[in-house]
Structure formats: C-alpha cells, structure tokens
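Here is the file query.txt (compact mmCIF, C-alpha atoms).
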```txt
# COMPACT_ATOMS: atom_id res chain seq x y z
CA MET A 1 11.52 -5.30 1.82
CA SER A 2 9.45 -4.84 4.98
CA ALA A 3 8.81 -2.19 7.65
CA SER A 4 7.85 -2.95 11.22
CA GLU A 5 6.74 -1.47 14.51
CA ASP A 6 9.95 -2.91 15.96
CA GLY A 7 11.71 0.10 14.38
CA SER A 8 13.44 -1.78 11.58
CA ILE A 9 13.39 -2.09 7.81
CA ARG A 10 14.54 -5.45 6.47
CA GLN A 11 15.50 -6.75 3.06
CA TRP A 12 14.85 -10.35 2.07
CA THR A 13 15.70 -12.67 -0.78
CA ARG A 14 12.73 -14.40 -2.38
CA ASP A 15 13.68 -17.67 -0.69
CA GLY A 16 13.35 -16.07 2.74
CA LYS A 17 16.91 -15.18 3.64
CA PRO A 18 17.65 -11.77 5.19
CA VAL A 19 19.92 -9.45 3.21
CA GLY A 20 22.42 -7.80 5.52
CA GLU A 21 21.51 -6.31 8.86
CA PRO A 22 18.19 -4.58 9.59
CA TRP A 23 18.09 -0.86 8.86
CA ARG A 24 17.43 1.20 11.97
CA SER A 25 17.23 4.93 12.60
CA ASP A 26 16.02 6.04 16.03
CA GLY A 27 14.19 2.92 17.16
CA ARG A 28 10.69 4.30 16.64
CA ALA A 29 8.11 2.23 14.79
CA VAL A 30 8.42 2.35 11.01
CA MET A 31 4.93 2.57 9.55
CA PRO A 32 4.92 2.82 5.72
CA LEU A 33 7.74 2.54 3.20
CA ALA A 34 7.94 3.16 -0.53
CA VAL A 35 10.65 2.14 -3.00
CA SER A 36 11.64 4.60 -5.71
CA PRO A 37 10.78 3.70 -9.33
CA ASP A 38 14.43 2.92 -10.09
CA GLN A 39 14.67 0.85 -6.87
CA THR A 40 17.76 2.72 -5.63
CA LYS A 41 16.07 4.63 -2.80
CA VAL A 42 13.52 3.94 -0.09
CA VAL A 43 11.51 6.50 1.83
CA SER A 44 10.08 5.47 5.19
CA GLY A 45 7.61 7.08 7.57
CA SER A 46 7.82 6.96 11.34
CA GLU A 47 5.40 7.18 14.23
CA ASP A 48 7.15 10.45 15.19
CA GLY A 49 5.86 12.07 11.98
CA ARG A 50 9.22 12.25 10.22
CA LEU A 51 10.23 10.75 6.88
CA ARG A 52 13.64 9.31 6.10
CA LEU A 53 15.34 8.61 2.80
CA TRP A 54 17.59 5.55 2.46
CA ASN A 55 20.11 4.33 -0.09
CA VAL A 56 19.28 0.72 -0.92
CA GLN A 57 22.84 -0.23 -1.85
CA GLY A 58 24.44 1.14 1.28
CA SER A 59 21.47 0.61 3.62
CA SER A 60 22.15 4.11 4.91
CA VAL A 61 20.09 7.19 5.68
CA VAL A 62 20.46 10.06 3.20
CA GLY A 63 20.60 13.47 4.84
CA ASN A 64 18.38 14.61 7.68
CA PRO A 65 14.82 13.47 8.41
CA TRP A 66 12.07 15.28 6.52
CA GLU A 67 9.97 17.19 9.04
CA GLY A 68 6.44 18.51 8.73
CA HIS A 69 3.91 16.02 10.02
CA SER A 70 3.05 16.33 13.71
CA ILE A 71 2.23 12.68 14.32
CA SER A 72 2.56 9.23 12.74
CA VAL A 73 2.94 8.88 8.96
CA ARG A 74 0.44 6.35 7.59
CA CYS A 75 1.16 6.20 3.85
CA LEU A 76 3.74 7.07 1.20
CA ASP A 77 4.04 7.02 -2.57
CA TRP A 78 6.57 8.05 -5.22
CA SER A 79 5.49 9.77 -8.41
CA LEU A 80 6.38 7.71 -11.48
CA ASN A 81 9.04 10.24 -12.54
CA ALA A 82 10.57 10.05 -9.01
CA ARG A 83 10.45 13.84 -8.64
CA GLU A 84 7.91 13.80 -5.82
CA VAL A 85 7.03 11.80 -2.74
CA ALA A 86 3.58 12.12 -1.19
CA SER A 87 2.84 11.33 2.44
CA GLY A 88 -0.33 11.06 4.50
CA SER A 89 -0.52 11.21 8.27
CA GLU A 90 -2.65 10.79 11.34
CA ASP A 91 -2.47 14.60 11.56
CA GLY A 92 -4.98 14.77 8.69
CA THR A 93 -2.62 16.24 6.10
CA ILE A 94 -1.15 15.22 2.77
CA ARG A 95 2.31 16.60 2.12
CA ARG A 96 4.45 16.46 -1.00
CA TRP A 97 8.22 16.44 -0.93
CA ASN A 98 11.21 16.94 -3.17
CA PRO A 99 13.25 13.77 -2.53
CA THR A 100 16.49 15.50 -3.51
CA THR A 101 16.19 18.24 -0.90
CA GLY A 102 13.77 16.70 1.61
CA GLN A 103 11.74 19.91 1.49
CA GLN A 104 8.01 20.29 0.93
CA ILE A 105 7.14 21.47 -2.56
CA ALA A 106 3.66 22.83 -1.79
CA PRO A 107 1.51 23.77 1.20
CA PRO A 108 0.02 20.77 3.03
CA ILE A 109 -3.46 19.64 2.04
CA GLU A 110 -5.80 19.62 5.03
CA ILE A 111 -8.33 16.86 4.39
CA GLY A 112 -10.58 17.86 7.29
CA TYR A 113 -11.26 14.42 8.72
CA GLY A 114 -9.08 12.09 10.79
CA TRP A 115 -6.24 10.04 9.37
CA VAL A 116 -5.02 9.76 5.79
CA HIS A 117 -4.85 6.04 5.05
CA ALA A 118 -3.58 6.07 1.47
CA VAL A 119 -2.25 8.46 -1.14
CA LYS A 120 -1.44 7.22 -4.65
CA TYR A 121 -0.10 8.99 -7.72
CA SER A 122 -1.73 8.10 -11.03
CA PRO A 123 0.60 6.32 -13.48
CA ARG A 124 0.24 9.28 -15.85
CA GLY A 125 1.53 11.55 -13.10
CA ASP A 126 -1.06 14.27 -13.60
CA LYS A 127 -3.05 13.62 -10.41
CA PHE A 128 -3.15 11.66 -7.17
CA ALA A 129 -5.86 10.06 -5.06
CA SER A 130 -6.31 9.90 -1.30
CA CYS A 131 -8.57 8.24 1.24
CA GLY A 132 -8.91 8.08 5.00
CA ASP A 133 -11.19 8.08 8.01
CA ASN A 134 -14.39 8.58 6.06
CA ASP A 135 -16.09 6.93 3.09
CA ILE A 136 -14.87 9.36 0.43
CA ILE A 137 -12.06 9.01 -2.10
CA ARG A 138 -10.62 12.29 -3.31
CA VAL A 139 -8.75 12.88 -6.57
CA TRP A 140 -6.40 15.87 -6.71
CA SER A 141 -4.66 17.65 -9.54
CA LYS A 142 -0.87 17.72 -9.64
CA ASP A 143 -0.94 21.21 -8.11
CA GLY A 144 -3.12 20.06 -5.21
CA LYS A 145 -6.57 21.21 -6.34
CA LEU A 146 -9.51 18.95 -5.57
CA LEU A 147 -10.87 17.51 -8.83
CA ILE A 148 -13.52 15.06 -7.69
CA GLU A 149 -14.95 13.32 -4.63
CA ILE A 150 -15.89 9.68 -5.13
CA LYS A 151 -18.65 8.42 -2.88
CA GLY A 152 -20.15 4.95 -2.49
CA HIS A 153 -18.39 3.14 0.34
CA ASP A 154 -20.24 2.79 3.65
CA ASP A 155 -17.18 3.02 5.91
CA TRP A 156 -13.65 4.40 5.88
CA VAL A 157 -11.42 3.62 2.91
CA ASN A 158 -8.10 1.94 3.72
CA SER A 159 -6.32 1.29 0.43
CA LEU A 160 -6.17 2.48 -3.19
CA CYS A 161 -4.54 1.44 -6.45
CA TRP A 162 -4.73 2.76 -10.04
CA SER A 163 -4.97 0.91 -13.32
CA LYS A 164 -1.93 1.40 -15.55
CA ASP A 165 -3.81 3.70 -17.93
CA SER A 166 -5.04 5.84 -14.99
CA ALA A 167 -8.64 5.27 -16.09
CA TYR A 168 -9.70 3.32 -13.00
CA ILE A 169 -9.23 3.39 -9.24
CA PHE A 170 -9.68 0.35 -7.01
CA SER A 171 -10.41 0.79 -3.31
CA GLY A 172 -10.68 -1.40 -0.20
CA SER A 173 -12.83 -0.35 2.73
CA GLY A 174 -13.98 -1.00 6.27
CA ASP A 175 -17.36 -1.85 4.74
CA MET A 176 -15.74 -5.19 3.69
CA THR A 177 -15.96 -4.41 -0.04
CA ILE A 178 -13.57 -3.68 -2.89
CA ARG A 179 -14.82 -1.26 -5.53
CA LYS A 180 -13.76 -0.19 -9.01
CA TRP A 181 -14.37 3.40 -10.10
CA GLN A 182 -13.92 5.51 -13.19
CA SER A 183 -11.34 8.06 -12.19
CA ILE A 184 -12.63 10.77 -14.52
CA ASP A 185 -16.11 11.05 -12.99
CA GLY A 186 -16.18 8.70 -9.97
CA LYS A 187 -18.74 6.34 -11.49
CA GLU A 188 -18.91 3.05 -9.58
CA LEU A 189 -18.36 0.12 -11.94
CA VAL A 190 -17.89 -2.99 -9.78
CA VAL A 191 -18.39 -4.05 -6.16
CA LEU A 192 -16.52 -7.15 -4.99
CA ARG A 193 -17.89 -8.87 -1.89
CA GLY A 194 -16.54 -11.84 0.05
CA HIS A 195 -14.41 -10.59 2.91
CA THR A 196 -16.00 -10.73 6.35
CA SER A 197 -14.07 -7.84 7.89
CA ASP A 198 -12.21 -4.65 6.89
CA VAL A 199 -10.29 -4.73 3.62
CA ARG A 200 -6.86 -3.41 4.58
CA SER A 201 -4.91 -3.54 1.32
CA VAL A 202 -5.53 -3.98 -2.43
CA CYS A 203 -3.03 -4.59 -5.22
CA LEU A 204 -3.35 -5.20 -8.98
CA SER A 205 -1.42 -7.97 -10.70
CA PRO A 206 1.05 -6.70 -13.34
CA ASP A 207 -1.15 -7.99 -16.18
CA GLU A 208 -4.19 -6.36 -14.52
CA ARG A 209 -6.21 -9.55 -14.89
CA HIS A 210 -6.46 -10.04 -11.13
CA LEU A 211 -6.77 -7.96 -8.01
CA VAL A 212 -5.44 -9.20 -4.66
CA SER A 213 -6.88 -8.06 -1.33
CA ALA A 214 -5.92 -8.49 2.32
CA SER A 215 -8.46 -8.26 5.13
CA SER A 216 -8.80 -8.22 8.89
CA ASP A 217 -10.63 -11.55 8.46
CA CYS A 218 -7.07 -12.99 8.30
CA SER A 219 -7.29 -13.81 4.62
CA VAL A 220 -5.75 -12.79 1.32
CA ARG A 221 -8.06 -13.25 -1.66
CA ILE A 222 -7.62 -13.14 -5.43
CA TRP A 223 -10.30 -11.70 -7.70
CA ASP A 224 -10.71 -12.36 -11.43
CA LEU A 225 -11.40 -8.95 -13.00
CA ASN A 226 -13.00 -10.49 -16.09
CA THR A 227 -15.71 -12.27 -14.09
CA ASN A 228 -15.51 -10.04 -10.97
CA GLU A 229 -15.53 -13.18 -8.86
CA GLN A 230 -13.12 -14.58 -6.30
CA THR A 231 -10.84 -17.24 -7.71
CA GLY A 232 -9.51 -20.06 -5.52
CA ASP A 233 -9.80 -20.35 -1.78
CA PRO A 234 -8.65 -17.65 0.67
CA LEU A 235 -4.96 -17.66 1.59
CA LEU A 236 -4.93 -17.65 5.37
CA HIS A 237 -2.78 -15.75 7.88
CA ASP A 238 -2.37 -16.51 11.58
CA ASP A 239 -3.46 -12.92 12.34
CA GLU A 240 -4.63 -9.83 10.44
CA PRO A 241 -2.64 -9.03 7.26
CA LEU A 242 -1.93 -5.34 6.76
CA ALA A 243 0.08 -5.11 3.55
CA LEU A 244 0.45 -6.70 0.11
CA ALA A 245 3.02 -6.59 -2.66
CA ILE A 246 3.34 -8.30 -6.05
CA PRO A 247 6.69 -8.20 -7.91
CA SER A 248 6.82 -7.00 -11.50
CA ASP A 249 7.06 -10.56 -12.84
CA GLY A 250 3.75 -11.43 -11.16
CA ARG A 251 4.97 -14.80 -9.90
CA TYR A 252 4.39 -14.28 -6.20
CA ILE A 253 2.18 -12.53 -3.68
CA ALA A 254 3.80 -11.24 -0.49
CA SER A 255 1.61 -10.44 2.50
CA ALA A 256 2.43 -9.34 6.04
CA GLY A 257 0.72 -8.13 9.19
CA LEU A 258 0.13 -8.53 12.88
CA ASP A 259 1.58 -12.04 13.16
CA LYS A 260 5.13 -10.62 12.62
CA LYS A 261 5.65 -12.84 9.57
CA ILE A 262 5.82 -12.28 5.82
CA TYR A 263 4.11 -14.86 3.66
CA VAL A 264 5.24 -15.50 0.09
CA TRP A 265 2.65 -17.29 -2.04
CA SER A 266 2.95 -18.71 -5.56
CA PHE A 267 0.48 -16.77 -7.71
CA GLU A 268 0.23 -19.60 -10.23
CA ALA A 269 -0.52 -22.17 -7.52
CA ALA A 270 -3.07 -19.87 -5.90
CA LEU A 271 -4.93 -19.51 -9.21
CA LYS A 272 -4.87 -23.24 -9.97
CA GLN A 273 -5.83 -24.53 -6.55
CA ASN A 274 -9.42 -25.64 -6.08
CA GLY A 275 -10.67 -26.57 -2.65
CA ASN A 276 -7.32 -27.03 -0.92
CA GLN A 277 -5.51 -24.09 0.61
CA VAL A 278 -2.28 -23.24 -1.17
CA ARG A 279 0.77 -23.90 0.89
CA PHE A 280 2.88 -20.79 1.20
CA ASP A 281 6.30 -21.07 -0.38
CA LYS A 282 8.01 -19.18 2.45
CA LYS A 283 7.13 -17.70 5.80
CA LEU A 284 9.73 -15.04 6.63
CA LYS A 285 10.43 -14.37 10.28
CA GLY A 286 12.61 -11.71 11.84
CA HIS A 287 10.56 -8.73 12.94
CA ALA A 288 9.85 -8.49 16.67
CA SER A 289 6.52 -6.74 16.11
CA SER A 290 3.88 -6.38 13.40
CA SER A 291 4.94 -5.85 9.78
CA ASN A 292 3.26 -2.65 8.60
CA ASP A 293 4.25 -2.40 4.96
CA LEU A 294 5.95 -4.18 2.06
```
Is it possible to express this structure as structure tokens?
Amino acid sequence: MSASEDGSIRQWTRDGKPVGEPWRSDGRAVMPLAVSPDQTKVVSGSEDGRLRLWNVQGSSVVGNPWEGHSISVRCLDWSLNAREVASGSEDGTIRRWNPTTGQQIAPPIEIGYGWVHAVKYSPRGDKFASCGDNDIIRVWSKDGKLLIEIKGHDDWVNSLCWSKDSAYIFSGSGDMTIRKWQSIDGKELVVLRGHTSDVRSVCLSPDERHLVSASSDCSVRIWDLNTNEQTGDPLLHDDEPLALAIPSDGRYIASAGLDKKIYVWSFEAALKQNGNQVRFDKKLKGHASSSNDL
C-alpha cells in the first residue's frame, strides 16, 4: 500500500499489480499512512492537516475527517492495541486520537521546534517516541509526559523504530548516520555510517538481525546488527527514496520516493549478493507524483 502527493492511496499485489482503483478523498496530497494492527483499517494524513480513516475491504472513508492539525501531517502510527493513533505535523504538535470516534484523546503536545518527522509507539504500549526538526529524540509516557530526551545526533532526526522488546530505539538523521539507543536512559550504543546524505527512513527486519535504511543519496542499505556493518552493496533508486516497508515474513524490502515508483527487492538476494547490484524483483508504477509512504 502506498501514499502519494498525487492525492491517491494505492494497493498492490506483491507481483506489482494494482488492486482495484486508487483511493481518493479530496485530491490533496496524501503524506503518511499507517495500517492498523489487524490490517482492516488505514489512517492517512493530508497536506491540509486532516486525517482520514479508511476501510481496507471496501476502500472507503469511514466517517468525517479528523480535524486538529493546522497544516500538513508528516507522520502517523497505531498503538499495538489499536486503541490510539498518534500523528505529528508541520504545525509542531503531536496529537493522539481515538480511531473509533475520530476525536483527540488528550491535549496536543507542543514540541517547540519545527516539524514532527516521526512518532512511534513502543511495542509494549506504555510510551511513544518522537523526533523532528532538531537533533533530539524525545520519549513520552502514555499520558503524554516527557520521560527522557536523547541527544547525540548532529542534525535533525527523520525516522525512528523500536526493537520488539521496547529496549532499544533506532534513528536515522540528516547527519547521515543511523544510531541505536537504550530507550530507558538514552545511552548511545551504536553509530552506523555509510550513507552520504540524509537518512530518511529506517526499518528493522522481523527477526531483528538486520536494519534497512533509505537515504537521500538514492540508496537503500542493509546493516548486520551483529557486526554493525553494512552487508551487500547499496540498492539504488533513480531518485531519493523516502519510505521503507518490510512484510512480516521478511522476504522482501519495499522502497519508494521521489521517482514515483515502488521498488520491491528480494531480501535473501540482497543479503547474498557480493559486488553486483541486486536486480529488483518489481518496479511498481502508477502514482503521478512522489510516493511519500508505504
């Protein structure tokens, strides 16, 4: 599933065929999207600051748009129990929503600096992390109280992901690095270097043995978390990749960005290749503008 600045959300089969017609609401750019844990619902964020809930089976909007943000929504995430959705915006706020009612469940969190680039619930569901237009990662309690500020990056932080046990946070930054942190105290454990431009997205493999990153250097890279080294050659895009996704079976990597295409790579082939760039299995085309999220 992909979201685009052309105002559409599209579903795809793994072999690159579109599923049904594109989903469209009001024609405005769709920025982020997030699929519910049971995969029956999708929430999307628009450049007009509104969120929309969709039924996957019927490809239809559920109820009215969720209103609160004053400008473009940049990131979304579902809590693991599906009782909350968190959103971050260019208006500098984090808002949390009841997906059943579309109403906010707490006052907005004013981060005090620019855009919110990512907000991610911990797998345990007792906290969430955020990052944005500065070099600080913040971890919040479930009730919205600031627990810790994690410092170490030298530029804004674009992307976050948690380990399954909630013990670690991984981050990708404009300083061209990926870092691993202890979530309890913010201790920096690992710095991964290799990208030559901003790291836009990071994603853990289901077995947590590898981390995948996408960068404005037009590459997707795989990192071995046992050796903390890059494995294989970069997987190359025609333009900047913005988003990554790995299915639960861990067989493929999907990446998408400014070149309006979605690349589907074999994870196994990417790990085995040595010296020769892996050929992508599929290059999905259909969006008329950049693909913002997967």
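Across the model, the gap from CA of Ser8 (chain A) to CA of Asp249 (chain A) is 26.7 Å.
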message = Restricting the calculation to only C-alpha atoms: of A:Pro241, A:Pro206, A:Gly152, A:Pro123, which residue gets closest to Glu188 (chain A)?
response = A:Gly152
task = Quick one: everything within 12 Å of Val30 (chain A), counting only C-alpha atoms, minus sequence neighbours fewer than 4 positions away in the same chain. Send it as a ChimeraX atom specification.
result = /A:2-10,23-26,34,43-52,72-76,287,289-294
query = For Gly144 (chain A), which residue among A:Glu229, A:Glu240, A:Glu110, A:Asp165 is the nearest when counting all atoms listed in the file?
reply = A:Glu110
inquiry  = So the first atom is CA of Ser248 (chain A) and the second is CA of Gln11 (chain A); what is the distance between them in Å, to one decimal place?
reply    =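 About the pair CA of Ser248 (chain A) and CA of Gln11 (chain A): they are 17.0 Å apart.
Here CA of Ser79 (chain A) stands at a distance of 15.5 Å from CA of Gln103 (chain A).
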inquiry  = With distances taken over all atoms listed in the file, which residue among A:Asp133, A:Arg251, A:Lys260, A:Leu160 lies nearest Ser213 (chain A)?
reply    = A:Leu160
Spatial neighbours of Lys142 (chain A), max dist 9 Å, all atoms listed in the file, sep filter under 3 positions, as a PyMOL selection string = chain A and resi 121+125-128+145
Those same residues - C-alpha atoms - I'd like them written as a PDB file, in the coordinates of the input.
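The file below, part-v8.pdb, is the result:
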```
ATOM      1  CA  TYR A 121      -0.100   8.990  -7.720  1.00  0.00           C
ATOM      2  CA  GLY A 125       1.530  11.550 -13.100  1.00  0.00           C
ATOM      3  CA  ASP A 126      -1.060  14.270 -13.600  1.00  0.00           C
ATOM      4  CA  LYS A 127      -3.050  13.620 -10.410  1.00  0.00           C
ATOM      5  CA  PHE A 128      -3.150  11.660  -7.170  1.00  0.00           C
ATOM      6  CA  LYS A 145      -6.570  21.210  -6.340  1.00  0.00           C
TER       7      LYS A 145
END
```
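With distances restricted to only C-alpha atoms, A:Thr227 is the closest residue to His210 (chain A) from A:Thr227, A:Asn98, A:Ser173, A:Ser36.
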Residues at most 9 Å from region 194-203 of chain A, counting all atoms listed in the file, excluding those fewer than 3 positions away in the same chain, as a compact mmCIF listing (two decimals) with C-alpha atoms, keeping the file's coordinate frame?
```txt
# COMPACT_ATOMS: atom_id res chain seq x y z
CA VAL A 157 -11.42 3.62 2.91
CA ASN A 158 -8.10 1.94 3.72
CA SER A 159 -6.32 1.29 0.43
CA LEU A 160 -6.17 2.48 -3.19
CA CYS A 161 -4.54 1.44 -6.45
CA TRP A 162 -4.73 2.76 -10.04
CA PHE A 170 -9.68 0.35 -7.01
CA SER A 171 -10.41 0.79 -3.31
CA GLY A 172 -10.68 -1.40 -0.20
CA SER A 173 -12.83 -0.35 2.73
CA GLY A 174 -13.98 -1.00 6.27
CA ASP A 175 -17.36 -1.85 4.74
CA MET A 176 -15.74 -5.19 3.69
CA THR A 177 -15.96 -4.41 -0.04
CA ILE A 178 -13.57 -3.68 -2.89
CA HIS A 210 -6.46 -10.04 -11.13
CA LEU A 211 -6.77 -7.96 -8.01
CA VAL A 212 -5.44 -9.20 -4.66
CA SER A 213 -6.88 -8.06 -1.33
CA ALA A 214 -5.92 -8.49 2.32
CA SER A 215 -8.46 -8.26 5.13
CA SER A 216 -8.80 -8.22 8.89
CA ASP A 217 -10.63 -11.55 8.46
CA CYS A 218 -7.07 -12.99 8.30
CA SER A 219 -7.29 -13.81 4.62
CA ARG A 221 -8.06 -13.25 -1.66
CA GLN A 230 -13.12 -14.58 -6.30
CA GLU A 240 -4.63 -9.83 10.44
CA PRO A 241 -2.64 -9.03 7.26
CA LEU A 242 -1.93 -5.34 6.76
CA ALA A 243 0.08 -5.11 3.55
CA LEU A 244 0.45 -6.70 0.11
CA ALA A 245 3.02 -6.59 -2.66
CA ILE A 246 3.34 -8.30 -6.05
```
Asn55 (chain A) surroundings by only C-alpha atoms, 8 Å radius, close-in-sequence under 5 positions cut, as a PDB file with C-alpha atoms, in the coordinates of the input:
```
ATOM      1  CA  THR A  40      17.760   2.720  -5.630  1.00  0.00           C
ATOM      2  CA  LYS A  41      16.070   4.630  -2.800  1.00  0.00           C
ATOM      3  CA  VAL A  42      13.520   3.940  -0.090  1.00  0.00           C
ATOM      4  CA  SER A  60      22.150   4.110   4.910  1.00  0.00           C
ATOM      5  CA  VAL A  61      20.090   7.190   5.680  1.00  0.00           C
ATOM      6  CA  VAL A  62      20.460  10.060   3.200  1.00  0.00           C
TER       7      VAL A  62
END
```
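Minimum atom-to-atom distance to Ile148 (chain A), evaluated using all atoms listed in the file, belongs to A:Ile184 out of A:Leu33, A:Ile184, A:Val220, A:Ala254.
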Got a minute to add N, CA and C atoms to region 94-118 of chain A and dump it as a PDB file, in the coordinates of the input?
```
ATOM      1  N   ILE A  94      -1.950  15.804   3.845  1.00  0.00           N
ATOM      2  CA  ILE A  94      -1.150  15.220   2.770  1.00  0.00           C
ATOM      3  C   ILE A  94      -0.046  16.222   2.465  1.00  0.00           C
ATOM      4  N   ARG A  95       1.171  15.734   2.421  1.00  0.00           N
ATOM      5  CA  ARG A  95       2.310  16.600   2.120  1.00  0.00           C
ATOM      6  C   ARG A  95       3.104  16.009   0.960  1.00  0.00           C
ATOM      7  N   ARG A  96       3.645  16.891   0.142  1.00  0.00           N
ATOM      8  CA  ARG A  96       4.450  16.460  -1.000  1.00  0.00           C
ATOM      9  C   ARG A  96       5.857  17.017  -0.879  1.00  0.00           C
ATOM     10  N   TRP A  97       6.820  16.170  -1.225  1.00  0.00           N
ATOM     11  CA  TRP A  97       8.220  16.440  -0.930  1.00  0.00           C
ATOM     12  C   TRP A  97       9.086  16.311  -2.169  1.00  0.00           C
ATOM     13  N   ASN A  98      10.145  17.104  -2.194  1.00  0.00           N
ATOM     14  CA  ASN A  98      11.210  16.940  -3.170  1.00  0.00           C
ATOM     15  C   ASN A  98      12.213  15.950  -2.576  1.00  0.00           C
ATOM     16  N   PRO A  99      12.368  14.759  -3.157  1.00  0.00           N
ATOM     17  CA  PRO A  99      13.250  13.770  -2.530  1.00  0.00           C
ATOM     18  C   PRO A  99      14.724  14.131  -2.584  1.00  0.00           C
ATOM     19  N   THR A 100      15.092  15.068  -3.437  1.00  0.00           N
ATOM     20  CA  THR A 100      16.490  15.500  -3.510  1.00  0.00           C
ATOM     21  C   THR A 100      16.850  16.403  -2.338  1.00  0.00           C
ATOM     22  N   THR A 101      15.911  17.275  -1.962  1.00  0.00           N
ATOM     23  CA  THR A 101      16.190  18.240  -0.900  1.00  0.00           C
ATOM     24  C   THR A 101      15.536  17.870   0.441  1.00  0.00           C
ATOM     25  N   GLY A 102      14.512  17.016   0.398  1.00  0.00           N
ATOM     26  CA  GLY A 102      13.770  16.700   1.610  1.00  0.00           C
ATOM     27  C   GLY A 102      12.844  17.812   2.059  1.00  0.00           C
ATOM     28  N   GLN A 103      12.601  18.782   1.170  1.00  0.00           N
ATOM     29  CA  GLN A 103      11.740  19.910   1.490  1.00  0.00           C
ATOM     30  C   GLN A 103      10.364  19.739   0.849  1.00  0.00           C
ATOM     31  N   GLN A 104       9.342  20.325   1.496  1.00  0.00           N
ATOM     32  CA  GLN A 104       8.010  20.290   0.930  1.00  0.00           C
ATOM     33  C   GLN A 104       7.932  21.191  -0.294  1.00  0.00           C
ATOM     34  N   ILE A 105       7.204  20.720  -1.305  1.00  0.00           N
ATOM     35  CA  ILE A 105       7.140  21.470  -2.560  1.00  0.00           C
ATOM     36  C   ILE A 105       5.847  22.259  -2.700  1.00  0.00           C
ATOM     37  N   ALA A 106       4.938  22.112  -1.743  1.00  0.00           N
ATOM     38  CA  ALA A 106       3.660  22.830  -1.790  1.00  0.00           C
ATOM     39  C   ALA A 106       3.093  22.875  -0.379  1.00  0.00           C
ATOM     40  N   PRO A 107       2.149  23.764  -0.112  1.00  0.00           N
ATOM     41  CA  PRO A 107       1.510  23.770   1.200  1.00  0.00           C
ATOM     42  C   PRO A 107       0.806  22.438   1.469  1.00  0.00           C
ATOM     43  N   PRO A 108       0.718  22.017   2.723  1.00  0.00           N
ATOM     44  CA  PRO A 108       0.020  20.770   3.030  1.00  0.00           C
ATOM     45  C   PRO A 108      -1.463  20.863   2.680  1.00  0.00           C
ATOM     46  N   ILE A 109      -2.033  19.734   2.306  1.00  0.00           N
ATOM     47  CA  ILE A 109      -3.460  19.640   2.040  1.00  0.00           C
ATOM     48  C   ILE A 109      -4.156  19.161   3.299  1.00  0.00           C
ATOM     49  N   GLU A 110      -5.041  19.973   3.835  1.00  0.00           N
ATOM     50  CA  GLU A 110      -5.800  19.620   5.030  1.00  0.00           C
ATOM     51  C   GLU A 110      -7.070  18.898   4.578  1.00  0.00           C
ATOM     52  N   ILE A 111      -7.175  17.616   4.893  1.00  0.00           N
ATOM     53  CA  ILE A 111      -8.330  16.860   4.390  1.00  0.00           C
ATOM     54  C   ILE A 111      -9.576  17.075   5.229  1.00  0.00           C
ATOM     55  N   GLY A 112      -9.428  17.495   6.483  1.00  0.00           N
ATOM     56  CA  GLY A 112     -10.580  17.860   7.290  1.00  0.00           C
ATOM     57  C   GLY A 112     -11.272  16.723   7.993  1.00  0.00           C
ATOM     58  N   TYR A 113     -10.653  15.550   8.014  1.00  0.00           N
ATOM     59  CA  TYR A 113     -11.260  14.420   8.720  1.00  0.00           C
ATOM     60  C   TYR A 113     -10.175  13.412   9.078  1.00  0.00           C
ATOM     61  N   GLY A 114      -9.899  13.197  10.307  1.00  0.00           N
ATOM     62  CA  GLY A 114      -9.080  12.090  10.790  1.00  0.00           C
ATOM     63  C   GLY A 114      -7.800  11.808  10.022  1.00  0.00           C
ATOM     64  N   TRP A 115      -7.482  10.519   9.960  1.00  0.00           N
ATOM     65  CA  TRP A 115      -6.240  10.040   9.370  1.00  0.00           C
ATOM     66  C   TRP A 115      -6.328   9.973   7.843  1.00  0.00           C
ATOM     67  N   VAL A 116      -5.158  10.079   7.209  1.00  0.00           N
ATOM     68  CA  VAL A 116      -5.020   9.760   5.790  1.00  0.00           C
ATOM     69  C   VAL A 116      -4.482   8.340   5.708  1.00  0.00           C
ATOM     70  N   HIS A 117      -5.244   7.450   5.107  1.00  0.00           N
ATOM     71  CA  HIS A 117      -4.850   6.040   5.050  1.00  0.00           C
ATOM     72  C   HIS A 117      -4.037   5.686   3.811  1.00  0.00           C
ATOM     73  N   ALA A 118      -4.305   6.374   2.707  1.00  0.00           N
ATOM     74  CA  ALA A 118      -3.580   6.070   1.470  1.00  0.00           C
ATOM     75  C   ALA A 118      -3.511   7.301   0.595  1.00  0.00           C
TER      76      ALA A 118
END
```
